[in-house]
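*Asks:* So here's work.pdb, just PDB, C-alpha atoms:
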MODEL        1
ATOM      1  CA  MET O 814     113.798 130.240  56.788
ATOM      2  CA  THR O 815     110.115 131.077  56.281
ATOM      3  CA  ILE O 816     107.705 128.152  56.231
ATOM      4  CA  PRO O 817     104.099 129.034  55.338
ATOM      5  CA  PRO O 818     101.479 127.416  57.630
ATOM      6  CA  SER O 819      98.565 125.378  56.365
ATOM      7  CA  ARG O 820      95.187 127.059  55.944
ATOM      8  CA  ALA O 821      93.927 125.058  58.916
ATOM      9  CA  LEU O 822      96.704 126.377  61.156
ATOM     10  CA  GLU O 823      96.162 129.918  59.939
ATOM     11  CA  SER O 824      92.562 129.731  61.130
ATOM     12  CA  ILE O 825      93.556 128.854  64.722
ATOM     13  CA  ARG O 826      94.364 131.500  67.287
ATOM     14  CA  GLY O 827      96.773 130.730  70.134
ATOM     15  CA  SER O 828      95.217 128.907  73.071
ATOM     16  CA  ALA O 829      94.029 131.156  75.871
ATOM     17  CA  ILE O 830      94.141 128.080  78.104
ATOM     18  CA  ARG O 831      97.898 127.753  77.566
ATOM     19  CA  ASP O 832      98.308 131.459  78.326
ATOM     20  CA  LEU O 833      96.372 131.045  81.566
ATOM     21  CA  LEU O 834      98.513 128.106  82.671
ATOM     22  CA  THR O 835     101.665 130.101  82.017
ATOM     23  CA  VAL O 836     100.382 132.785  84.388
ATOM     24  CA  THR O 837      99.687 130.208  87.125
ATOM     25  CA  GLU O 838     103.382 129.287  87.192
ATOM     26  CA  ARG O 839     104.246 132.728  88.557
ATOM     27  CA  PRO O 840     104.886 132.749  92.329
ATOM     28  CA  GLY O 841     102.002 134.158  94.340
ATOM     29  CA  VAL O 842      99.422 133.952  91.536
ATOM     30  CA  LEU O 843      96.088 132.314  92.295
ATOM     31  CA  SER O 844      94.290 132.158  88.972
ATOM     32  CA  LEU O 845      90.513 131.923  88.875
ATOM     33  CA  ALA O 846      90.355 131.921  85.082
ATOM     34  CA  GLY O 847      91.058 128.260  84.249
ATOM     35  CA  GLY O 848      89.391 125.070  85.459
ATOM     36  CA  LEU O 849      92.379 123.917  87.508
ATOM     37  CA  PRO O 850      91.574 121.592  90.424
ATOM     38  CA  ALA O 851      93.065 122.459  93.806
ATOM     39  CA  THR O 852      96.459 120.738  93.956
ATOM     40  CA  ASP O 853      96.107 120.002  97.682
ATOM     41  CA  LEU O 854      92.868 118.075  97.007
ATOM     42  CA  ILE O 855      94.383 115.690  94.435
ATOM     43  CA  PRO O 856      94.283 112.220  96.071
ATOM     44  CA  THR O 857      98.009 111.538  95.786
ATOM     45  CA  ALA O 858      98.143 108.637  98.261
ATOM     46  CA  ARG O 859      95.317 106.736  96.575
ATOM     47  CA  ILE O 860      96.778 107.448  93.116
ATOM     48  CA  ALA O 861     100.120 106.046  94.331
ATOM     49  CA  VAL O 862      98.370 102.804  95.306
ATOM     50  CA  ALA O 863      96.729 102.623  91.884
ATOM     51  CA  ALA O 864     100.111 103.213  90.226
ATOM     52  CA  GLN O 865     101.722 100.388  92.210
ATOM     53  CA  ARG O 866      98.932  98.016  91.212
ATOM     54  CA  ALA O 867      99.122  99.022  87.547
ATOM     55  CA  ILE O 868     102.904  98.715  87.257
ATOM     56  CA  ALA O 869     102.719  95.161  88.589
ATOM     57  CA  ASP O 870     100.922  94.233  85.359
ATOM     58  CA  ALA O 871     103.280  94.250  82.355
ATOM     59  CA  SER O 872     100.340  95.001  80.034
ATOM     60  CA  ALA O 873     100.189  98.462  81.618
ATOM     61  CA  LEU O 874     103.346  99.294  79.648
ATOM     62  CA  GLN O 875     102.106  97.888  76.344
ATOM     63  CA  TYR O 876     100.072  99.396  73.516
ATOM     64  CA  THR O 877      96.328  99.121  73.971
ATOM     65  CA  ALA O 878      93.224  99.342  71.784
ATOM     66  CA  SER O 879      92.456 102.671  70.138
ATOM     67  CA  THR O 880      89.169 102.833  72.044
ATOM     68  CA  GLY O 881      90.980 102.409  75.364
ATOM     69  CA  VAL O 882      91.650  99.745  77.980
ATOM     70  CA  VAL O 883      88.543  97.600  78.458
ATOM     71  CA  ARG O 884      88.639  97.871  82.266
ATOM     72  CA  CYS O 885      88.693 101.653  82.061
ATOM     73  CA  ARG O 886      85.902 101.790  79.496
ATOM     74  CA  GLU O 887      83.826  99.522  81.724
ATOM     75  CA  ALA O 888      84.446 101.709  84.783
ATOM     76  CA  ILE O 889      83.509 104.876  82.877
ATOM     77  CA  ALA O 890      80.445 103.223  81.333
ATOM     78  CA  HIS O 891      79.268 102.202  84.808
ATOM     79  CA  LEU O 892      79.582 105.774  86.078
ATOM     80  CA  GLN O 893      77.726 107.108  83.027
ATOM     81  CA  ASN O 894      74.960 104.463  83.104
ATOM     82  CA  SER O 895      76.091 103.412  79.655
ATOM     83  CA  ALA O 896      77.832 100.462  77.966
ATOM     84  CA  PRO O 897      81.533 100.071  77.042
ATOM     85  CA  GLU O 898      80.803 100.095  73.318
ATOM     86  CA  HIS O 899      79.532 103.661  73.727
ATOM     87  CA  ILE O 900      82.820 104.829  75.288
ATOM     88  CA  LEU O 901      86.071 105.945  73.649
ATOM     89  CA  ILE O 902      88.911 107.032  75.953
ATOM     90  CA  THR O 903      91.051 109.964  74.891
ATOM     91  CA  HIS O 904      94.044 111.981  76.051
ATOM     92  CA  GLY O 905      91.875 114.364  78.052
ATOM     93  CA  SER O 906      88.438 115.530  76.942
ATOM     94  CA  GLN O 907      89.987 118.234  74.728
ATOM     95  CA  GLN O 908      91.339 115.502  72.449
ATOM     96  CA  ALA O 909      87.865 113.984  72.314
ATOM     97  CA  LEU O 910      86.442 117.344  71.254
ATOM     98  CA  SER O 911      89.141 117.792  68.618
ATOM     99  CA  LEU O 912      88.697 114.291  67.183
ATOM    100  CA  VAL O 913      84.898 114.513  67.114
ATOM    101  CA  THR O 914      85.143 117.815  65.271
ATOM    102  CA  GLN O 915      87.617 116.460  62.714
ATOM    103  CA  ALA O 916      85.530 113.337  62.178
ATOM    104  CA  LEU O 917      82.180 115.074  61.715
ATOM    105  CA  VAL O 918      82.687 118.668  60.519
ATOM    106  CA  ASP O 919      83.740 119.679  57.004
ATOM    107  CA  PRO O 920      85.235 123.080  56.158
ATOM    108  CA  GLY O 921      82.376 125.568  55.890
ATOM    109  CA  SER O 922      79.941 123.434  57.896
ATOM    110  CA  THR O 923      77.978 125.347  60.507
ATOM    111  CA  VAL O 924      78.641 124.842  64.205
ATOM    112  CA  VAL O 925      76.497 126.595  66.820
ATOM    113  CA  VAL O 926      78.141 127.542  70.126
ATOM    114  CA  ASP O 927      77.194 129.435  73.264
ATOM    115  CA  ASP O 928      78.290 133.044  73.558
ATOM    116  CA  PRO O 929      80.583 133.314  75.450
ATOM    117  CA  VAL O 930      82.112 130.093  74.175
ATOM    118  CA  TYR O 931      84.577 127.736  75.838
ATOM    119  CA  VAL O 932      87.878 128.676  74.175
ATOM    120  CA  GLY O 933      88.996 125.058  73.720
ATOM    121  CA  ALA O 934      85.866 124.356  71.693
ATOM    122  CA  LEU O 935      86.400 127.486  69.630
ATOM    123  CA  GLN O 936      89.921 126.343  68.718
ATOM    124  CA  SER O 937      88.697 122.912  67.639
ATOM    125  CA  PHE O 938      86.048 124.402  65.363
ATOM    126  CA  GLN O 939      88.463 126.954  63.937
ATOM    127  CA  ALA O 940      90.907 124.143  63.135
ATOM    128  CA  VAL O 941      88.442 122.556  60.698
ATOM    129  CA  CYS O 942      87.455 125.942  59.218
ATOM    130  CA  ALA O 943      83.875 125.631  60.411
ATOM    131  CA  ARG O 944      81.364 128.461  60.101
ATOM    132  CA  ILE O 945      80.752 129.377  63.741
ATOM    133  CA  VAL O 946      77.420 130.826  64.863
ATOM    134  CA  ALA O 947      77.380 132.076  68.462
ATOM    135  CA  LEU O 948      74.077 132.461  70.328
ATOM    136  CA  PRO O 949      73.999 134.422  73.614
ATOM    137  CA  ILE O 950      73.713 132.003  76.530
ATOM    138  CA  THR O 951      70.700 132.437  78.822
ATOM    139  CA  GLY O 952      70.152 131.860  82.516
ATOM    140  CA  ASP O 953      68.725 128.457  81.553
ATOM    141  CA  GLY O 954      71.691 127.451  79.403
ATOM    142  CA  ALA O 955      71.892 127.190  75.627
ATOM    143  CA  ASN O 956      69.605 129.659  73.862
ATOM    144  CA  VAL O 957      67.136 127.123  72.479
ATOM    145  CA  ALA O 958      64.523 129.781  71.646
ATOM    146  CA  GLU O 959      66.927 131.694  69.408
ATOM    147  CA  LEU O 960      68.250 128.430  67.982
ATOM    148  CA  GLU O 961      64.720 127.359  67.040
ATOM    149  CA  THR O 962      64.089 130.722  65.370
ATOM    150  CA  ARG O 963      67.285 130.374  63.328
ATOM    151  CA  LEU O 964      66.457 126.779  62.407
ATOM    152  CA  ARG O 965      63.028 127.800  61.138
ATOM    153  CA  SER O 966      64.752 130.458  59.046
ATOM    154  CA  GLY O 967      66.992 127.902  57.385
ATOM    155  CA  LEU O 968      70.032 127.499  59.633
ATOM    156  CA  ARG O 969      71.303 123.924  59.367
ATOM    157  CA  PRO O 970      74.134 123.258  61.817
ATOM    158  CA  ARG O 971      76.152 120.084  61.777
ATOM    159  CA  ILE O 972      76.830 120.391  65.506
ATOM    160  CA  VAL O 973      75.560 122.372  68.482
ATOM    161  CA  HIS O 974      78.104 122.567  71.306
ATOM    162  CA  THR O 975      77.279 123.460  74.893
ATOM    163  CA  VAL O 976      78.822 123.125  78.357
ATOM    164  CA  SER O 977      75.717 121.933  80.172
ATOM    165  CA  ASN O 978      76.878 122.092  83.798
ATOM    166  CA  PHE O 979      78.583 125.184  85.233
ATOM    167  CA  HIS O 980      79.292 126.627  81.817
ATOM    168  CA  ASN O 981      82.781 128.017  81.374
ATOM    169  CA  PRO O 982      82.993 131.014  81.582
ATOM    170  CA  SER O 983      79.408 132.070  82.486
ATOM    171  CA  GLY O 984      78.820 129.539  85.285
ATOM    172  CA  VAL O 985      75.280 128.765  84.037
ATOM    173  CA  THR O 986      73.786 125.277  84.365
ATOM    174  CA  ALA O 987      71.262 124.296  81.701
ATOM    175  CA  SER O 988      67.744 123.634  82.944
ATOM    176  CA  ALA O 989      65.955 120.336  82.367
ATOM    177  CA  HIS O 990      63.654 122.097  79.865
ATOM    178  CA  THR O 991      66.630 123.421  77.876
ATOM    179  CA  ARG O 992      68.202 119.976  77.686
ATOM    180  CA  ILE O 993      65.017 118.276  76.569
ATOM    181  CA  ARG O 994      64.207 120.974  74.008
ATOM    182  CA  LEU O 995      67.726 120.844  72.569
ATOM    183  CA  ALA O 996      67.370 117.082  72.111
ATOM    184  CA  GLU O 997      63.992 117.569  70.415
ATOM    185  CA  LEU O 998      65.429 120.126  68.005
ATOM    186  CA  ALA O 999      68.353 117.802  67.233
ATOM    187  CA  ASP O1000      65.925 115.037  66.293
ATOM    188  CA  GLN O1001      63.737 117.381  64.256
ATOM    189  CA  TYR O1002      66.508 119.106  62.293
ATOM    190  CA  GLY O1003      69.136 116.363  62.201
ATOM    191  CA  PHE O1004      72.092 118.000  63.931
ATOM    192  CA  LEU O1005      74.349 116.498  66.606
ATOM    193  CA  VAL O1006      74.779 117.903  70.112
ATOM    194  CA  ILE O1007      78.129 117.909  71.894
ATOM    195  CA  GLU O1008      77.430 118.031  75.621
ATOM    196  CA  ASP O1009      80.708 119.062  77.233
ATOM    197  CA  ASP O1010      80.570 118.167  80.932
ATOM    198  CA  PRO O1011      83.863 118.311  82.844
ATOM    199  CA  TYR O1012      82.383 119.788  86.034
ATOM    200  CA  GLY O1013      79.046 118.031  86.577
ATOM    201  CA  ALA O1014      80.211 115.765  89.416
ATOM    202  CA  LEU O1015      81.317 118.745  91.513
ATOM    203  CA  ARG O1016      77.896 120.309  92.122
ATOM    204  CA  PHE O1017      77.970 122.013  95.535
ATOM    205  CA  THR O1018      74.330 121.398  96.480
ATOM    206  CA  GLY O1019      71.245 119.662  95.161
ATOM    207  CA  ASP O1020      70.736 116.778  92.798
ATOM    208  CA  PRO O1021      72.302 116.720  89.326
ATOM    209  CA  ILE O1022      70.101 117.422  86.309
ATOM    210  CA  ALA O1023      69.811 114.526  83.880
ATOM    211  CA  PRO O1024      72.076 114.857  80.814
ATOM    212  CA  ILE O1025      70.745 115.856  77.405
ATOM    213  CA  PRO O1026      68.785 112.808  76.182
ATOM    214  CA  GLY O1027      68.838 111.095  72.822
ATOM    215  CA  ASP O1028      70.990 109.205  70.345
ATOM    216  CA  ARG O1029      72.175 112.402  68.646
ATOM    217  CA  VAL O1030      74.118 113.498  71.729
ATOM    218  CA  ILE O1031      77.896 113.116  72.129
ATOM    219  CA  ARG O1032      78.877 113.522  75.786
ATOM    220  CA  LEU O1033      82.411 114.467  76.796
ATOM    221  CA  GLY O1034      83.806 113.808  80.270
ATOM    222  CA  SER O1035      87.108 113.888  82.113
ATOM    223  CA  ALA O1036      88.920 112.459  85.111
ATOM    224  CA  SER O1037      90.952 115.672  85.395
ATOM    225  CA  LYS O1038      88.589 117.563  87.698
ATOM    226  CA  ILE O1039      87.838 114.752  90.152
ATOM    227  CA  LEU O1040      91.127 112.779  90.115
ATOM    228  CA  ALA O1041      94.143 114.477  88.522
ATOM    229  CA  PRO O1042      94.817 116.337  85.252
ATOM    230  CA  ALA O1043      98.162 114.548  84.781
ATOM    231  CA  LEU O1044      96.386 111.223  84.288
ATOM    232  CA  ARG O1045      95.206 112.681  80.940
ATOM    233  CA  VAL O1046      92.127 110.485  80.791
ATOM    234  CA  GLY O1047      89.051 111.891  79.117
ATOM    235  CA  TRP O1048      86.258 110.180  77.259
ATOM    236  CA  MET O1049      83.570 110.445  74.658
ATOM    237  CA  GLN O1050      80.199 108.746  75.110
ATOM    238  CA  ALA O1051      78.233 108.333  71.897
ATOM    239  CA  ALA O1052      76.445 105.912  69.613
ATOM    240  CA  PRO O1053      78.757 103.040  68.562
ATOM    241  CA  SER O1054      78.692 104.261  64.957
ATOM    242  CA  ILE O1055      80.143 107.627  66.030
ATOM    243  CA  VAL O1056      82.639 105.919  68.342
ATOM    244  CA  GLY O1057      83.800 103.860  65.360
ATOM    245  CA  MET O1058      84.341 106.924  63.166
ATOM    246  CA  VAL O1059      86.252 108.797  65.847
ATOM    247  CA  GLU O1060      88.328 105.715  66.680
ATOM    248  CA  ARG O1061      89.402 105.418  63.039
ATOM    249  CA  LEU O1062      90.489 109.041  62.988
ATOM    250  CA  ARG O1063      92.220 108.686  66.353
ATOM    251  CA  GLN O1064      94.442 105.966  64.881
ATOM    252  CA  SER O1065      95.996 108.578  62.590
ATOM    253  CA  ALA O1066      96.759 110.839  65.566
ATOM    254  CA  ASP O1067      98.321 108.725  68.327
ATOM    255  CA  LEU O1068      97.088 105.127  67.736
ATOM    256  CA  CYS O1069      96.141 104.765  71.399
ATOM    257  CA  GLY O1070      96.435 106.355  74.816
ATOM    258  CA  SER O1071      98.466 105.313  77.833
ATOM    259  CA  ALA O1072      97.455 101.900  79.144
ATOM    260  CA  PHE O1073      99.274 102.763  82.369
ATOM    261  CA  SER O1074      97.195 105.884  83.042
ATOM    262  CA  GLN O1075      93.995 104.179  81.994
ATOM    263  CA  LEU O1076      94.571 101.195  84.306
ATOM    264  CA  MET O1077      95.271 103.587  87.175
ATOM    265  CA  THR O1078      92.098 105.499  86.363
ATOM    266  CA  ALA O1079      90.089 102.263  86.133
ATOM    267  CA  ASP O1080      91.360 101.297  89.597
ATOM    268  CA  LEU O1081      90.217 104.640  91.018
ATOM    269  CA  LEU O1082      86.868 104.898  89.237
ATOM    270  CA  SER O1083      85.866 101.309  89.973
ATOM    271  CA  ASP O1084      86.534 101.755  93.706
ATOM    272  CA  THR O1085      83.050 103.178  94.017
ATOM    273  CA  GLY O1086      82.966 103.541  97.802
ATOM    274  CA  TRP O1087      86.249 105.447  97.894
ATOM    275  CA  LEU O1088      85.269 107.512  94.838
ATOM    276  CA  ALA O1089      81.950 108.594  96.357
ATOM    277  CA  ASP O1090      83.668 109.688  99.579
ATOM    278  CA  HIS O1091      86.394 111.489  97.626
ATOM    279  CA  VAL O1092      83.937 113.402  95.423
ATOM    280  CA  ASP O1093      81.838 114.318  98.473
ATOM    281  CA  ARG O1094      84.983 115.753 100.076
ATOM    282  CA  LEU O1095      85.805 117.708  96.930
ATOM    283  CA  ARG O1096      82.316 119.167  96.784
ATOM    284  CA  ALA O1097      82.430 120.167 100.452
ATOM    285  CA  GLN O1098      85.886 121.733 100.198
ATOM    286  CA  TYR O1099      85.118 123.630  97.003
ATOM    287  CA  ARG O1100      81.846 124.870  98.501
ATOM    288  CA  VAL O1101      83.697 126.262 101.530
ATOM    289  CA  ARG O1102      86.319 127.947  99.337
ATOM    290  CA  ALA O1103      83.765 129.384  96.931
ATOM    291  CA  THR O1104      81.742 130.787  99.821
ATOM    292  CA  ALA O1105      84.848 132.348 101.365
ATOM    293  CA  LEU O1106      85.716 133.985  98.045
ATOM    294  CA  THR O1107      82.255 135.384  97.334
ATOM    295  CA  ASP O1108      81.889 136.633 100.922
ATOM    296  CA  ALA O1109      85.254 138.400 100.669
ATOM    297  CA  LEU O1110      84.330 139.958  97.323
ATOM    298  CA  ASP O1111      81.036 141.215  98.750
ATOM    299  CA  HIS O1112      82.792 142.571 101.831
ATOM    300  CA  HIS O1113      85.633 144.354 100.064
ATOM    301  CA  LEU O1114      84.027 145.364  96.760
ATOM    302  CA  GLY O1115      80.339 145.474  97.589
ATOM    303  CA  GLY O1116      78.174 146.686  94.736
ATOM    304  CA  ARG O1117      81.119 147.497  92.478
ATOM    305  CA  ILE O1118      80.999 144.040  90.870
ATOM    306  CA  ASP O1119      78.174 141.809  89.577
TER
ENDMDL
END
The structure given in the file should be rewritten as structure tokens.
*Replies:*
Amino acid sequence: MTIPPSRALESIRGSAIRDLLTVTERPGVLSLAGGLPATDLIPTARIAVAAQRAIADASALQYTASTGVVRCREAIAHLQNSAPEHILITHGSQQALSLVTQALVDPGSTVVVDDPVYVGALQSFQAVCARIVALPITGDGANVAELETRLRSGLRPRIVHTVSNFHNPSGVTASAHTRIRLAELADQYGFLVIEDDPYGALRFTGDPIAPIPGDRVIRLGSASKILAPALRVGWMQAAPSIVGMVERLRQSADLCGSAFSQLMTADLLSDTGWLADHVDRLRAQYRVRATALTDALDHHLGGRID
């Protein structure tokens, strides 16, 4: 039996992320392509405590609000120096990206992305049949100079998407100037910025750069990289009006997320002393491993790679 796909499905290529995860299941493979946290650094003992506490509350097994469990939204808002009404919890940050795109982008609308682009973002924009304009990423992050030139020539994007910290796959972190200029252009030309930031907390050295400022910015975050991917807790931080639109759309997808996972995540994120120590340990361990890898590559391959 042949069933024709919808036009939306026809526009989507298979997920490279899924292909990468399939490869990681092979014995002896250590994949450097995907953003998988080190399994041995997942805080299993502390997560077990959070699970025991959550399961003692019957509401952990009940439906919850479409925006997410209040305790979890409060914990995330505290970490983001925001307010709970600016937070919507999703099933990982990829769902947040997908829902934002569906809520705000019409077929044929222009979306500007970095080149190379994060493949999960590309899939989301393809799914809504957006017109995708890719601008080569610079050493300072999103190519705001080229973007400004295109804007002056008449380009009118609905959204500009960028991975601001440790861009996947280039590794670039946007400078403070790039972030500020992108916000200024958003205000001047009326587009929205999606600041995708799954890795920002794991900076090896130095102080973090302030996020892209302004009310036209939608920030996406995730507990996957610092706690555990299986919790499937991501979030969107945006103006309450945008949160309301995305919440309404989310109700047609899955009504709500897992109260159980969100209560566990709230327990972990609100334990600020433990969380700070845990993230410090992650940063130190990843720094050691990254240094060992780059030293080995230099030793064995020398000038044959960049």
*Asks:* Point out the residue among O:Leu1040, O:Ala858, O:Ile993, O:Val941 with the least atom-to-atom distance to Ala1023 of chain O, counting all atoms listed in the file.
*Replies:*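 Result for the nearest residue to Ala1023 of chain O: O:Ile993.
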*Asks:* Please provide the set of residues having any atom within 8 Å of Ile1007 of chain O, restricted to only C-alpha atoms, with same-chain residues fewer than 3 positions apart removed, written as JSON, numbers by chain.
*Replies:* {"O": [972, 973, 974, 975, 1030, 1031, 1032, 1033]}
*Asks:* So, counting all atoms listed in the file, which residue among O:Gly984, O:Gly1019, O:Gly1057, O:Pro1042 is closest to Ala916 of chain O?
*Replies:*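 The answer is O:Gly1057, which sits nearest to Ala916 of chain O.
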*Asks:* Would you mind listing what lies within 12 Å of Arg886 of chain O as a VMD selection string, with all atoms listed in the file counted and same-chain residues fewer than 6 positions away left out?
*Replies:* chain O and resid 878 to 880 892 to 903 1046 to 1050 1072 1075 to 1076 1078 to 1080 1082 to 1083
*Asks:* Decode the PyMOL selection byres ((chain O and resi 924) around 10) for the given file into explicit residues and return them as a ChimeraX atom specification.
*Replies:* /O:914,918,921-923,925-926,935,938,943-947,969-974,1004-1006
*Asks:* For this structure, which residues satisfy the selection - the PyMOL selection byres ((chain O and resi 1081) around 12) - when it is evaluated on the file as given? I want them as an MDAnalysis selection string.
*Replies:* chainID O and resid 856:864 866:867 884:885 888:889 892 1036 1039:1041 1044 1046 1074:1080 1082:1092
*Asks:* Of the candidates O:Ile1118, O:Ala955, O:Leu964, O:Leu854, which one gets nearest to Ala989 of chain O if we count all atoms listed in the file?
*Replies:* O:Ala955
*Asks:* Neighbouring residues of Arg1016 of chain O were defined as those with any atom within 10 Å, considering all atoms listed in the file; residues of the same chain fewer than 5 positions away were excluded. Please report them as a PyMOL selection string.
*Replies:* chain O and resi 978-979+1021+1092-1093+1095-1097+1099-1100
*Asks:* Tell me, in Å to one decimal, how far atom CA of Gly905 of chain O is from atom CA of Arg1045 of chain O.
*Replies:*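 Answer for the atom CA of Gly905 of chain O to atom CA of Arg1045 of chain O separation: 4.7 Å.
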*Asks:* What lies within 10 Å of Thr951 of chain O using all atoms listed in the file, ignoring chain neighbours under 5 positions off, as an MDAnalysis selection string?
*Replies:* chainID O and resid 927:928 956:958 983 985:987 991
*Asks:* Could you tell me how far atom CA of Ile1025 of chain O sits from atom CA of Gln1001 of chain O, in Å to one decimal place?
*Replies:*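 Separating atom CA of Gln1001 of chain O from atom CA of Ile1025 of chain O is a distance of 15.0 Å.
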*Asks:* Taking all atoms listed in the file into account, which of O:Asp870, O:Glu838, O:Glu997, O:Glu1008 comes nearest Gly954 of chain O?
*Replies:* O:Glu1008
*Asks:* Let me make sure I understand: among O:Glu823, O:Pro1026, O:Phe1073, O:Ser937, which one has the smallest atom-to-atom distance to Ala1051 of chain O if we use only C-alpha atoms?
*Replies:*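 Under the stated criterion, the closest residue is O:Pro1026.
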*Asks:* Of the candidates O:Ser911, O:Asn981, O:Ser819, O:Ser906, which one gets nearest to Ala846 of chain O if we count all atoms listed in the file?
*Replies:* O:Asn981
*Asks:* One decimal, in Å: what's the spacing between atom CA of Leu998 of chain O and atom CA of Ile950 of chain O?
*Replies:*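 Rounded to one decimal, the two atoms are 16.8 Å apart.
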